[in-house]
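The file coords-v8.txt comes next; it holds compact mmCIF, C-alpha atoms.
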# COMPACT_ATOMS: atom_id res chain seq x y z
CA MET L 12 56.80 56.59 140.50
CA THR L 13 59.02 58.53 138.10
CA GLU L 14 58.32 56.20 135.17
CA ALA L 15 54.54 56.43 135.59
CA VAL L 16 54.65 60.22 135.78
CA LEU L 17 56.90 60.54 132.73
CA LYS L 18 54.66 58.15 130.80
CA TYR L 19 51.65 60.29 131.63
CA LEU L 20 53.45 63.38 130.34
CA THR L 21 54.43 61.60 127.14
CA ASP L 22 50.95 60.18 126.56
CA HIS L 23 49.29 63.54 127.20
CA ARG L 24 51.81 65.86 125.52
CA ASP L 25 49.38 66.99 122.81
CA GLN L 26 46.67 67.76 125.35
CA GLN L 27 49.12 69.66 127.53
CA LEU L 28 50.30 71.76 124.60
CA GLU L 29 46.72 72.57 123.64
CA ALA L 30 46.03 73.64 127.22
CA LEU L 31 49.13 75.84 127.18
CA LYS L 32 47.93 77.40 123.93
CA GLU L 33 44.60 78.24 125.57
CA PHE L 34 46.52 79.92 128.37
CA LEU L 35 48.59 81.90 125.87
CA LYS L 36 45.52 83.05 123.96
CA ILE L 37 44.49 85.17 126.94
CA PRO L 38 45.94 88.70 126.48
CA SER L 39 46.76 89.22 130.14
CA VAL L 40 48.63 92.52 129.70
CA SER L 41 48.87 93.90 133.23
CA THR L 42 50.07 97.40 132.35
CA ASP L 43 47.05 98.27 130.18
CA SER L 44 43.65 98.67 131.88
CA THR L 45 41.99 97.69 128.59
CA PHE L 46 42.99 94.11 129.38
CA LYS L 47 41.85 94.09 133.01
CA ASP L 48 39.19 91.42 132.42
CA ASP L 49 41.65 89.30 130.44
CA VAL L 50 44.15 89.44 133.29
CA ARG L 51 41.47 88.04 135.58
CA ARG L 52 40.64 85.34 133.00
CA ALA L 53 44.26 84.24 133.10
CA ALA L 54 44.13 84.02 136.89
CA GLN L 55 40.97 81.92 136.60
CA PHE L 56 42.72 79.61 134.12
CA VAL L 57 45.48 78.89 136.66
CA ALA L 58 43.00 78.43 139.50
CA ASP L 59 40.82 76.07 137.46
CA HIS L 60 43.82 73.98 136.47
CA LEU L 61 44.93 73.61 140.08
CA LYS L 62 41.41 72.62 141.14
CA GLU L 63 41.10 70.04 138.38
CA THR L 64 44.53 68.66 139.34
CA GLY L 65 43.30 68.01 142.87
CA PHE L 66 44.82 70.75 145.00
CA ASP L 67 43.12 70.89 148.40
CA ARG L 68 42.90 74.67 148.54
CA VAL L 69 42.76 77.11 145.64
CA GLU L 70 42.00 80.82 145.98
CA ILE L 71 41.98 83.83 143.72
CA GLN L 72 43.17 86.41 146.23
CA GLU L 73 42.34 90.04 145.59
CA THR L 74 45.01 92.72 145.83
CA LYS L 75 44.80 96.46 145.28
CA GLY L 76 45.60 95.67 141.65
CA HIS L 77 45.41 92.41 139.72
CA PRO L 78 44.56 89.18 141.59
CA LEU L 79 46.96 86.54 142.84
CA VAL L 80 46.35 82.79 142.60
CA TYR L 81 47.15 80.77 145.71
CA GLY L 82 46.99 77.00 145.87
CA GLU L 83 48.19 74.30 148.23
CA TRP L 84 48.43 70.53 148.47
CA LEU L 85 49.89 69.42 151.80
CA GLY L 86 49.15 65.71 151.68
CA ALA L 87 52.73 64.46 151.59
CA GLY L 88 53.11 64.52 155.39
CA ASP L 89 54.87 66.55 158.05
CA ASP L 90 58.21 64.83 157.50
CA VAL L 91 58.33 65.92 153.85
CA PRO L 92 59.41 69.46 152.86
CA THR L 93 57.07 72.10 151.47
CA VAL L 94 57.95 74.06 148.36
CA LEU L 95 56.52 77.46 147.41
CA VAL L 96 56.31 77.73 143.61
CA TYR L 97 56.22 81.32 142.37
CA GLY L 98 55.44 82.54 138.86
CA HIS L 99 53.38 85.13 137.01
CA TYR L 100 50.57 84.93 134.50
CA ASP L 101 50.69 88.53 133.28
CA VAL L 102 52.56 89.47 130.11
CA GLN L 103 54.15 92.45 128.40
CA PRO L 104 52.27 94.43 125.73
CA ALA L 105 52.63 92.90 122.27
CA ASP L 106 53.48 96.17 120.48
CA PRO L 107 54.71 96.75 117.83
CA LEU L 108 52.23 94.34 116.26
CA SER L 109 53.57 94.87 112.73
CA LEU L 110 56.81 93.06 113.63
CA TRP L 111 55.12 89.79 114.64
CA GLU L 112 55.27 86.97 112.09
CA SER L 113 52.14 85.47 113.66
CA GLU L 114 49.47 86.94 115.92
CA PRO L 115 50.88 87.42 119.47
CA PHE L 116 47.82 85.87 121.12
CA ALA L 117 47.23 83.16 118.52
CA PRO L 118 49.89 80.59 119.51
CA GLU L 119 51.68 78.93 116.62
CA ILE L 120 54.36 76.23 116.48
CA ARG L 121 57.18 76.70 113.98
CA ASN L 122 60.49 74.81 113.91
CA ASP L 123 60.05 73.33 117.39
CA ARG L 124 59.23 76.71 118.91
CA LEU L 125 55.90 77.86 120.32
CA TYR L 126 55.36 81.50 119.35
CA ALA L 127 53.14 83.80 121.44
CA ARG L 128 53.40 86.62 123.93
CA GLY L 129 54.16 84.98 127.28
CA ALA L 130 55.38 81.72 125.72
CA SER L 131 58.63 81.94 127.69
CA ASP L 132 57.97 84.84 130.08
CA ASP L 133 56.36 83.40 132.07
CA LYS L 134 53.25 81.44 131.08
CA GLY L 135 55.15 78.64 129.38
CA GLN L 136 57.38 78.07 132.39
CA VAL L 137 54.49 78.39 134.87
CA PHE L 138 52.50 75.86 132.88
CA MET L 139 55.33 73.32 133.16
CA TYR L 140 54.69 73.15 136.91
CA LEU L 141 50.95 72.81 136.34
CA ALA L 142 51.60 69.96 133.90
CA VAL L 143 53.96 68.17 136.29
CA PHE L 144 51.56 68.50 139.22
CA GLU L 145 48.77 67.08 137.06
CA ALA L 146 50.97 64.19 135.94
CA PHE L 147 51.89 63.24 139.51
CA MET L 148 48.30 63.43 140.73
CA LYS L 149 46.78 61.55 137.78
CA ALA L 150 49.49 58.90 137.58
CA THR L 151 50.14 58.29 141.29
CA GLY L 152 47.35 60.03 143.19
CA LYS L 153 49.73 62.29 145.11
CA LEU L 154 52.65 64.69 144.95
CA PRO L 155 56.07 63.65 146.30
CA ILE L 156 56.37 66.85 148.37
CA ASN L 157 54.01 69.41 149.87
CA VAL L 158 53.31 72.27 147.50
CA LYS L 159 52.16 75.86 147.81
CA VAL L 160 51.64 77.92 144.68
CA CYS L 161 51.81 81.71 144.27
CA ILE L 162 51.10 82.88 140.71
CA GLU L 163 50.68 86.66 140.48
CA GLY L 164 49.39 89.04 137.84
CA GLU L 165 51.62 92.08 138.34
CA GLU L 166 55.21 90.96 137.77
CA GLU L 167 55.50 92.91 134.53
CA ILE L 168 54.56 96.10 136.38
CA GLY L 169 56.93 95.60 139.30
CA SER L 170 54.87 93.24 141.49
CA GLU L 171 53.42 96.37 143.00
CA HIS L 172 51.20 94.74 145.62
CA LEU L 173 52.90 91.39 146.22
CA TYR L 174 55.21 92.54 149.02
CA GLU L 175 52.22 93.64 151.09
CA VAL L 176 50.46 90.32 150.49
CA LEU L 177 53.52 88.27 151.50
CA GLN L 178 53.93 90.34 154.65
CA LYS L 179 50.29 90.07 155.71
CA LYS L 180 50.01 86.38 154.87
CA LYS L 181 53.47 85.23 155.84
CA THR L 182 52.24 82.08 157.58
CA GLN L 183 50.12 81.05 154.62
CA PHE L 184 53.01 81.39 152.15
CA ASP L 185 55.70 79.99 154.45
CA ALA L 186 57.58 76.96 153.13
CA ASP L 187 60.92 75.17 153.43
CA PHE L 188 62.16 76.50 150.11
CA ALA L 189 60.91 78.27 147.01
CA MET L 190 61.18 77.55 143.29
CA ILE L 191 60.99 80.09 140.47
CA SER L 192 61.25 79.45 136.74
CA ASP L 193 61.35 82.91 135.20
CA SER L 194 64.80 82.85 133.65
CA GLY L 195 66.81 80.82 131.18
CA MET L 196 70.02 79.22 130.03
CA VAL L 197 73.21 81.01 129.06
CA VAL L 198 73.13 79.19 125.71
CA GLU L 199 70.66 76.74 124.19
CA GLY L 200 71.03 73.23 125.59
CA GLN L 201 73.23 74.30 128.51
CA PRO L 202 71.64 73.56 131.92
CA THR L 203 72.05 76.75 133.92
CA ILE L 204 71.60 77.08 137.66
CA LEU L 205 70.95 80.67 138.66
CA TYR L 206 72.23 81.22 142.20
CA GLY L 207 72.23 85.01 142.31
CA LEU L 208 70.44 88.09 141.03
CA LYS L 209 71.42 91.72 141.07
CA GLY L 210 69.53 94.33 143.01
CA PHE L 211 68.01 97.36 141.36
CA THR L 212 67.47 101.03 141.94
CA GLY L 213 67.51 104.25 139.99
CA LEU L 214 66.20 107.73 139.55
CA GLU L 215 65.15 110.32 136.99
CA PHE L 216 66.47 113.85 137.07
CA THR L 217 65.59 116.96 135.13
CA ILE L 218 67.88 119.94 134.77
CA HIS L 219 66.00 123.21 134.35
CA GLY L 220 67.49 126.28 132.75
CA PRO L 221 65.59 129.19 131.19
CA LYS L 222 61.85 129.44 131.68
CA ASN L 223 61.34 128.67 127.98
CA ASP L 224 63.39 127.63 124.94
CA LEU L 225 65.69 130.47 123.85
CA HIS L 226 67.21 131.60 120.54
CA SER L 227 70.69 130.07 120.55
CA GLY L 228 72.22 132.97 118.64
CA ILE L 229 70.92 135.68 120.94
CA TYR L 230 71.43 133.82 124.23
CA GLY L 231 74.20 131.34 123.43
CA GLY L 232 77.22 132.25 125.54
CA ALA L 233 75.12 133.94 128.21
CA VAL L 234 72.71 131.23 129.37
CA ARG L 235 73.67 127.71 130.50
CA ASN L 236 72.37 125.00 128.16
CA PRO L 237 70.57 122.30 130.23
CA LEU L 238 71.52 119.57 127.74
CA MET L 239 75.19 120.47 127.99
CA ALA L 240 74.87 120.62 131.77
CA MET L 241 73.28 117.17 131.69
CA ALA L 242 76.15 115.82 129.58
CA GLN L 243 78.66 117.21 132.10
CA VAL L 244 76.88 115.61 135.06
CA LEU L 245 76.58 112.23 133.35
CA ALA L 246 80.19 112.28 132.18
CA SER L 247 81.31 112.78 135.81
CA MET L 248 79.73 109.49 136.87
CA LYS L 249 81.89 106.94 135.04
CA ASP L 250 85.29 106.80 133.35
CA GLU L 251 86.49 105.08 130.18
CA ASN L 252 87.38 101.93 132.19
CA GLU L 253 83.76 101.50 133.34
CA LEU L 254 84.73 102.52 136.87
CA ILE L 255 81.92 104.38 138.62
CA LEU L 256 83.24 107.64 140.06
CA ILE L 257 80.48 108.34 142.57
CA ASP L 258 81.86 108.62 146.12
CA GLY L 259 80.83 105.63 148.21
CA PHE L 260 79.40 103.57 145.35
CA TYR L 261 81.71 100.58 145.95
CA ASP L 262 81.93 100.89 149.76
CA ASP L 263 79.66 97.95 150.61
CA VAL L 264 80.25 95.74 147.56
CA GLU L 265 80.79 92.09 148.39
CA PRO L 266 83.96 91.12 146.50
CA LEU L 267 83.96 88.25 144.03
CA SER L 268 85.65 85.21 145.55
CA ASN L 269 88.15 83.12 143.60
CA GLU L 270 85.68 80.25 143.73
CA GLU L 271 82.95 82.33 142.10
CA ARG L 272 85.31 83.66 139.46
CA GLN L 273 86.15 80.05 138.62
CA LEU L 274 82.44 79.20 138.29
CA MET L 275 82.00 82.18 135.99
CA ALA L 276 84.99 81.13 133.91
CA GLU L 277 83.24 77.82 133.21
CA VAL L 278 80.18 79.55 131.71
CA PRO L 279 80.08 79.26 127.89
CA SER L 280 81.04 82.58 126.34
CA GLU L 281 78.33 84.59 124.65
CA ASP L 282 79.10 85.87 121.17
CA TYR L 283 78.19 89.50 121.81
CA SER L 284 78.70 90.48 118.19
CA GLN L 285 76.09 87.89 117.22
CA THR L 286 73.54 88.59 119.98
CA THR L 287 73.90 92.36 120.26
CA GLY L 288 75.59 93.56 117.07
CA VAL L 289 78.37 95.38 118.94
CA THR L 290 81.96 95.16 117.72
CA ASP L 291 83.61 95.12 121.15
CA THR L 292 82.73 94.62 124.80
CA VAL L 293 83.52 96.88 127.74
CA SER L 294 83.90 95.83 131.34
CA GLU L 295 85.17 97.20 134.62
CA LEU L 296 88.96 97.32 134.75
CA GLY L 297 90.24 94.02 136.16
CA TYR L 298 87.10 92.00 135.37
CA THR L 299 85.87 90.08 132.36
CA ALA L 300 82.57 90.95 130.72
CA VAL L 301 80.99 87.86 132.30
CA GLU L 302 82.29 88.79 135.77
CA HIS L 303 81.10 92.36 135.37
CA THR L 304 77.57 91.48 134.23
CA MET L 305 77.15 88.74 136.84
CA GLY L 306 78.99 89.95 139.90
CA ARG L 307 79.89 93.64 139.77
CA PRO L 308 77.57 96.66 140.11
CA THR L 309 76.69 98.81 137.11
CA LEU L 310 75.28 102.25 136.35
CA GLU L 311 73.55 102.93 133.05
CA VAL L 312 71.80 105.85 131.37
CA ASN L 313 68.50 104.41 130.11
CA GLY L 314 67.18 107.55 128.46
CA MET L 315 68.16 111.14 127.89
CA PHE L 316 66.02 113.74 126.21
CA GLY L 317 65.41 117.44 125.83
CA GLY L 318 65.28 120.13 123.20
CA TYR L 319 64.21 119.77 119.61
CA GLN L 320 63.50 116.22 118.36
CA GLY L 321 62.04 116.86 114.91
CA GLU L 322 63.53 116.71 111.43
CA GLY L 323 66.20 119.22 110.56
CA SER L 324 67.54 121.78 113.02
CA LYS L 325 66.03 124.25 115.41
CA THR L 326 68.53 126.67 116.87
CA ILE L 327 67.52 126.83 120.51
CA ILE L 328 68.84 126.56 124.01
CA PRO L 329 66.28 124.13 125.49
CA ALA L 330 64.49 124.97 128.71
CA SER L 331 65.22 121.56 130.28
CA ALA L 332 66.86 118.17 129.86
CA THR L 333 65.96 114.84 131.50
CA ALA L 334 67.89 111.62 132.09
CA LYS L 335 66.85 108.25 133.51
CA LEU L 336 69.44 106.24 135.42
CA THR L 337 69.41 102.72 136.80
CA CYS L 338 71.93 100.78 138.84
CA ARG L 339 72.20 97.01 139.11
CA LEU L 340 73.50 96.18 142.57
CA VAL L 341 75.39 93.28 144.15
CA PRO L 342 75.23 91.75 147.64
CA GLY L 343 76.12 94.27 150.33
CA GLN L 344 74.72 97.32 148.54
CA ASP L 345 71.60 99.03 149.87
CA PRO L 346 69.32 100.58 147.20
CA GLU L 347 68.31 103.52 149.39
CA LYS L 348 71.93 104.36 150.18
CA ILE L 349 72.81 104.18 146.48
CA GLN L 350 69.97 106.59 145.69
CA ASP L 351 71.27 108.95 148.37
CA ILE L 352 74.80 109.07 146.95
CA LEU L 353 73.46 109.45 143.40
CA VAL L 354 71.44 112.47 144.50
CA LYS L 355 74.44 113.93 146.34
CA HIS L 356 76.69 113.45 143.31
CA ILE L 357 74.23 115.12 140.94
CA GLU L 358 73.77 118.09 143.25
CA GLU L 359 77.52 118.49 143.80
CA HIS L 360 78.37 118.29 140.09
CA LEU L 361 75.55 120.49 138.85
CA PRO L 362 76.94 123.50 136.93
CA THR L 363 75.90 126.99 137.86
CA GLY L 364 72.98 128.65 136.12
CA VAL L 365 70.66 125.64 136.24
CA THR L 366 68.56 123.83 138.85
CA VAL L 367 67.74 120.14 139.23
CA GLU L 368 64.58 118.18 140.04
CA ILE L 369 65.08 114.55 141.11
CA LYS L 370 62.54 111.70 141.21
CA ARG L 371 63.66 108.53 142.97
CA GLU L 372 62.69 105.11 141.61
CA PRO L 373 59.98 103.88 144.04
CA LEU L 374 60.47 100.16 143.33
CA SER L 375 63.96 99.03 144.34
CA ALA L 376 65.35 95.67 145.39
CA LYS L 377 68.46 94.30 147.06
CA ALA L 378 70.63 91.68 145.39
CA TYR L 379 70.08 88.01 146.16
CA LYS L 380 72.56 85.16 146.37
CA VAL L 381 72.41 81.62 147.69
CA ASP L 382 75.39 79.33 148.28
CA PRO L 383 75.78 77.34 145.04
CA SER L 384 76.82 74.31 147.11
CA HIS L 385 73.51 74.28 149.04
CA PRO L 386 72.00 70.75 148.81
CA LEU L 387 68.79 72.06 147.20
CA ILE L 388 70.89 73.74 144.51
CA THR L 389 73.16 70.77 143.85
CA LYS L 390 70.14 68.44 143.58
CA ALA L 391 68.54 70.81 141.08
CA ALA L 392 71.78 70.86 139.09
CA ALA L 393 71.87 67.04 139.07
CA SER L 394 68.26 66.77 137.81
CA TYR L 395 68.88 69.46 135.21
CA SER L 396 72.05 67.73 133.99
CA LYS L 397 70.32 64.36 133.77
CA ALA L 398 67.43 65.69 131.69
CA PHE L 399 69.61 67.70 129.29
CA ASP L 400 72.56 65.26 129.23
CA GLN L 401 74.99 68.09 129.93
CA PRO L 402 76.79 69.26 133.09
CA SER L 403 75.13 72.28 134.68
CA VAL L 404 76.86 75.63 134.99
CA PHE L 405 76.29 78.02 137.89
CA VAL L 406 75.67 81.70 137.19
CA ARG L 407 74.60 84.98 138.74
CA MET L 408 72.31 87.03 136.52
CA GLY L 409 72.68 90.72 135.78
CA GLY L 410 68.93 91.17 135.89
CA SER L 411 66.68 91.64 138.90
CA ILE L 412 63.57 89.81 140.10
CA PRO L 413 62.33 91.81 143.12
CA VAL L 414 60.13 88.99 144.42
CA VAL L 415 63.25 86.88 145.02
CA GLU L 416 64.62 89.41 147.48
CA TRP L 417 61.18 89.76 149.07
CA ILE L 418 60.80 86.01 149.61
CA ASP L 419 64.28 85.94 151.10
CA ASP L 420 63.54 88.94 153.34
CA ILE L 421 60.03 87.97 154.51
CA LEU L 422 60.13 84.17 154.54
CA GLY L 423 63.87 83.61 154.98
CA ILE L 424 63.97 80.46 152.85
CA PRO L 425 66.39 79.32 150.12
CA ILE L 426 65.24 79.89 146.54
CA VAL L 427 65.93 77.57 143.62
CA LEU L 428 65.99 79.54 140.35
CA LEU L 429 65.51 76.97 137.61
CA GLY L 430 64.92 78.57 134.22
CA PHE L 431 64.26 76.87 130.90
CA GLY L 432 64.30 79.79 128.46
CA THR L 433 67.00 80.40 125.84
CA PRO L 434 68.75 83.57 124.62
CA ASP L 435 66.68 83.32 121.41
CA ASP L 436 63.29 83.54 123.15
CA ARG L 437 62.97 87.30 122.47
CA LEU L 438 61.50 88.19 125.83
CA HIS L 439 59.46 91.42 125.80
CA SER L 440 59.97 91.66 122.02
CA PRO L 441 57.93 90.71 118.96
CA ASN L 442 58.02 87.00 118.08
CA GLU L 443 58.55 85.78 121.63
CA SER L 444 58.81 81.98 121.66
CA PHE L 445 59.61 78.96 123.81
CA LEU L 446 61.70 76.03 122.61
CA LEU L 447 59.57 72.88 122.88
CA THR L 448 62.65 70.72 123.41
CA ASN L 449 63.22 72.70 126.58
CA PHE L 450 59.55 72.30 127.50
CA ASP L 451 59.87 68.51 127.27
CA ARG L 452 63.24 68.24 129.00
CA GLY L 453 62.17 70.79 131.59
CA LEU L 454 59.24 68.58 132.57
CA ILE L 455 61.68 65.69 133.07
CA THR L 456 63.91 67.96 135.16
CA LEU L 457 61.04 68.96 137.46
CA VAL L 458 59.79 65.40 137.88
CA ASP L 459 63.26 64.13 138.78
CA TYR L 460 63.89 67.06 141.13
CA PHE L 461 60.62 66.71 143.04
CA ASN L 462 61.34 63.00 143.47
CA SER L 463 64.86 63.72 144.75
CA ILE L 464 63.92 66.10 147.58

Turn this file's structure into structure tokens for me.
Amino acid sequence: MTEAVLKYLTDHRDQQLEALKEFLKIPSVSTDSTFKDDVRRAAQFVADHLKETGFDRVEIQETKGHPLVYGEWLGAGDDVPTVLVYGHYDVQPADPLSLWESEPFAPEIRNDRLYARGASDDKGQVFMYLAVFEAFMKATGKLPINVKVCIEGEEEIGSEHLYEVLQKKKTQFDADFAMISDSGMVVEGQPTILYGLKGFTGLEFTIHGPKNDLHSGIYGGAVRNPLMAMAQVLASMKDENELILIDGFYDDVEPLSNEERQLMAEVPSEDYSQTTGVTDTVSELGYTAVEHTMGRPTLEVNGMFGGYQGEGSKTIIPASATAKLTCRLVPGQDPEKIQDILVKHIEEHLPTGVTVEIKREPLSAKAYKVDPSHPLITKAAASYSKAFDQPSVFVRMGGSIPVVEWIDDILGIPIVLLGFGTPDDRLHSPNESFLLTNFDRGLITLVDYFNSI
């Protein structure tokens, strides 16, 4: 069976790439209402492909926002497991357009990379599943396992309506395990099994001072400066050793085991000076940078603004200052509790003479982790290693994918996170691309994995 499927993929590679290009041409930008019809066109593309492949049931399900594509093929029998494949067809805005070397929605291949918005995140990786399903059905007349597909159109705007859909249609989406390819490798060519994701929460707070901007000469020394007050509050949250000083922040943190620290030590080191341009790394006292990003919680200031922003100087005491904070959480931490202690800390450390207004982040998520020795994970690692001719490494990612926690919470099934992107894909940036070597080897990985279940 495997040989026939792989031969089909080889024989039809050009056609598959052309189909992927057609998918990428659709500007399915979910955050901009200008592209609402294009988002629906992308959903229709996925639905049409599943129908042409031979799925028994294909639906474009309406939500309160952009539609979701559901498909199923359950012809493998009751004694064979069912997988729920999740992905998203929406993409980030392409701005700034001037920095693209080719048009973002006119796919172009250069140096074994396919350039287009969504090439890696996540259309290219979603299409790999569509291609593999087609190859199995056309070459053998069936799939080796039962399959349900959930491809949404709102991931790039926080999957705003997906949780409600999964709750209401739990039975329809229920499966033995789930697969998601919306991530990547730690370095190019290194098979990377993602067994954990951080949770996420945050808030925005504004410190208000005088009712309007004031002359800094006349009122300086008499009126509290909101920007200075903001700096004091933020400085109270973390020390020079990256230790977070907010009471209760670490109370529920699941400690890193020696076994996990060993797994992390085996991950190829990233050259941060090359990838980020920084001259040195910082990490929590007692942990390496890899351990901190993968397995310890963080708190970051994402934006801070207030006062005069133009050229030159303007001698004022600004009326207000605003900061945006986010925390990446680890297993054991509850997003709502973290928001509560952040609010308490801000209120307790607020200087006199100013007031504070706090807006909590409405979309939060708990961390997710699966046992890296779970049979579904080890089989995925074996298929990955075989296709890329390299032993797989096991990592936890510092990023968050809320749908992972939702699938875990609502359906209670293990999730295999099998990503084929690379650090050079430029996700969310101009000149996003997908390495075609990974596309080809990723198809082999999926074929081998589906046959091994």

Coordinates-based distance that separates atom CA of L:Gly323 from atom CA of L:Asp224 (Å, one decimal) = 16.9 Å

For L:Leu35, the nearest of the candidates L:Arg307, L:Met239, L:Glu443, L:Phe316, counting all atoms listed in the file |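 Result for the nearest residue to L:Leu35: L:Glu443.
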
Could you please give me, as a list in words, the residues of protein, DNA or RNA lying at most 7 Å from (63.8, 72.4, 136.5) in the coordinate frame of the file, considering only C-alpha atoms?
-> Ala391, Tyr395, Leu429, Gly430, Gly453, Thr456 and Leu457 of chain L

Please, which residues are within 12 Å of (68.2, 106.8, 126.9) by the file's coordinates, counting only C-alpha atoms, and could they come as a list in words?
->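 Looking at atoms near the point gives Glu215, Leu245, Glu311, Val312, Asn313, Gly314, Met315, Phe316, Gly317, Ala332, Thr333, Ala334, Lys335, Leu336 and Thr337 of chain L.
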
Just the residues within 12 Å of L:Lys355, please, counting all atoms listed in the file, with nothing from its chain fewer than 2 positions along; format it as a PyMOL selection string.
-> chain L and resi 244+248+257-260+348-353+357-361+367+369

May I ask which of the residues L:Leu208, L:Val143, L:Ala330, L:Leu61 is the closest one to L:Asp459, counting only C-alpha atoms?
->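 Closest to L:Asp459 of all the choices is L:Val143.
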
Give me the residues within 9 Å of L:Met12 as a ChimeraX atom specification, counting only C-alpha atoms and dropping any in the same chain fewer than 6 places off.
-> /L:147,150-151,462

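Nearest to L:Glu199 of all the residues L:Glu322, L:Glu145, L:Asp420, L:Glu281 is L:Glu281, counting all atoms listed in the file.
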
Which residue out of L:Gln401, L:Ser109, L:Gln178, L:Thr93 has the minimum interatomic distance to L:Ile156 when all atoms listed in the file are used?
->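 Looking only at the distances to L:Ile156, the closest residue turns out to be L:Thr93.
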
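Between atom CA of L:Thr42 and atom CA of L:Ala376 the separation is 20.2 Å.
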
Would you mind listing what lies within 12 Å of stretch 249-255 of chain L as a list in words, with all atoms listed in the file counted and same-chain residues fewer than 6 positions away left out?
-> Ala242, Gln243, Tyr261, Asp262, Thr292, Val293, Ser294, Glu295, Leu296, Gly297, Tyr298, Thr299, Ala300, His303, Thr304, Arg307, Pro308, Thr309, Leu310, Glu311, Val312, Cys338, Ile352, Leu353 and His356 of chain L

Contact residues around L:Glu33 with all atoms listed in the file at 10 Å, ignoring same-chain residues under 3 positions, as a list in words | Gln27, Leu28, Glu29, Ala30, Lys36, Ile37, Ala53, Phe56, Phe116, Ala117 and Pro118 of chain L

Any chance you could export the current selection's C-alpha atoms as a PDB file, keeping the file's coordinate frame?
ATOM      1  CA  GLN L  27      49.120  69.660 127.530  1.00  0.00           C
ATOM      2  CA  LEU L  28      50.300  71.760 124.600  1.00  0.00           C
ATOM      3  CA  GLU L  29      46.720  72.570 123.640  1.00  0.00           C
ATOM      4  CA  ALA L  30      46.030  73.640 127.220  1.00  0.00           C
ATOM      5  CA  LYS L  36      45.520  83.050 123.960  1.00  0.00           C
ATOM      6  CA  ILE L  37      44.490  85.170 126.940  1.00  0.00           C
ATOM      7  CA  ALA L  53      44.260  84.240 133.100  1.00  0.00           C
ATOM      8  CA  PHE L  56      42.720  79.610 134.120  1.00  0.00           C
ATOM      9  CA  PHE L 116      47.820  85.870 121.120  1.00  0.00           C
ATOM     10  CA  ALA L 117      47.230  83.160 118.520  1.00  0.00           C
ATOM     11  CA  PRO L 118      49.890  80.590 119.510  1.00  0.00           C
TER      12      PRO L 118
END

Neighbours of stretch 404-409 of chain L within 6 Å (all atoms listed in the file; same-chain residues fewer than 3 positions away dropped), as a list of chain:residue names?
->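 Everything that qualifies: L:Thr203, L:Ile204, L:Leu205, L:Tyr206, L:Gly207, L:Leu208, L:Lys209, L:Thr304, L:Met305.
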
Prev. selection, C-alpha atoms, output as a PDB file, in the coordinates of the input:
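Writing the result to result.pdb gives the following:
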ATOM      1  CA  THR L 203      72.050  76.750 133.920  1.00  0.00           C
ATOM      2  CA  ILE L 204      71.600  77.080 137.660  1.00  0.00           C
ATOM      3  CA  LEU L 205      70.950  80.670 138.660  1.00  0.00           C
ATOM      4  CA  TYR L 206      72.230  81.220 142.200  1.00  0.00           C
ATOM      5  CA  GLY L 207      72.230  85.010 142.310  1.00  0.00           C
ATOM      6  CA  LEU L 208      70.440  88.090 141.030  1.00  0.00           C
ATOM      7  CA  LYS L 209      71.420  91.720 141.070  1.00  0.00           C
ATOM      8  CA  THR L 304      77.570  91.480 134.230  1.00  0.00           C
ATOM      9  CA  MET L 305      77.150  88.740 136.840  1.00  0.00           C
TER      10      MET L 305
END

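Take atom CA of L:Asp133 and atom CA of L:Ser44: the distance between them is 19.9 Å.
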
Return the padded bounding box of stretch 141-147 of chain L as AutoDock Vina command-line options: axis-aligned, built from all atoms listed in the file, 4 Å added on each side, with centre and edge lengths in Å to one decimal.
--center_x 51.4 --center_y 68.0 --center_z 136.7 --size_x 13.2 --size_y 17.6 --size_z 13.6

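Of the listed residues (L:Tyr126, L:Phe66, L:Tyr230, L:Tyr319), L:Phe66 comes nearest to L:Lys159; the distances count all atoms listed in the file.
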
Across L:His385, L:His60, L:Arg339, L:His439, the smallest distance to L:Val264, with all atoms listed in the file counted, is shown by L:Arg339
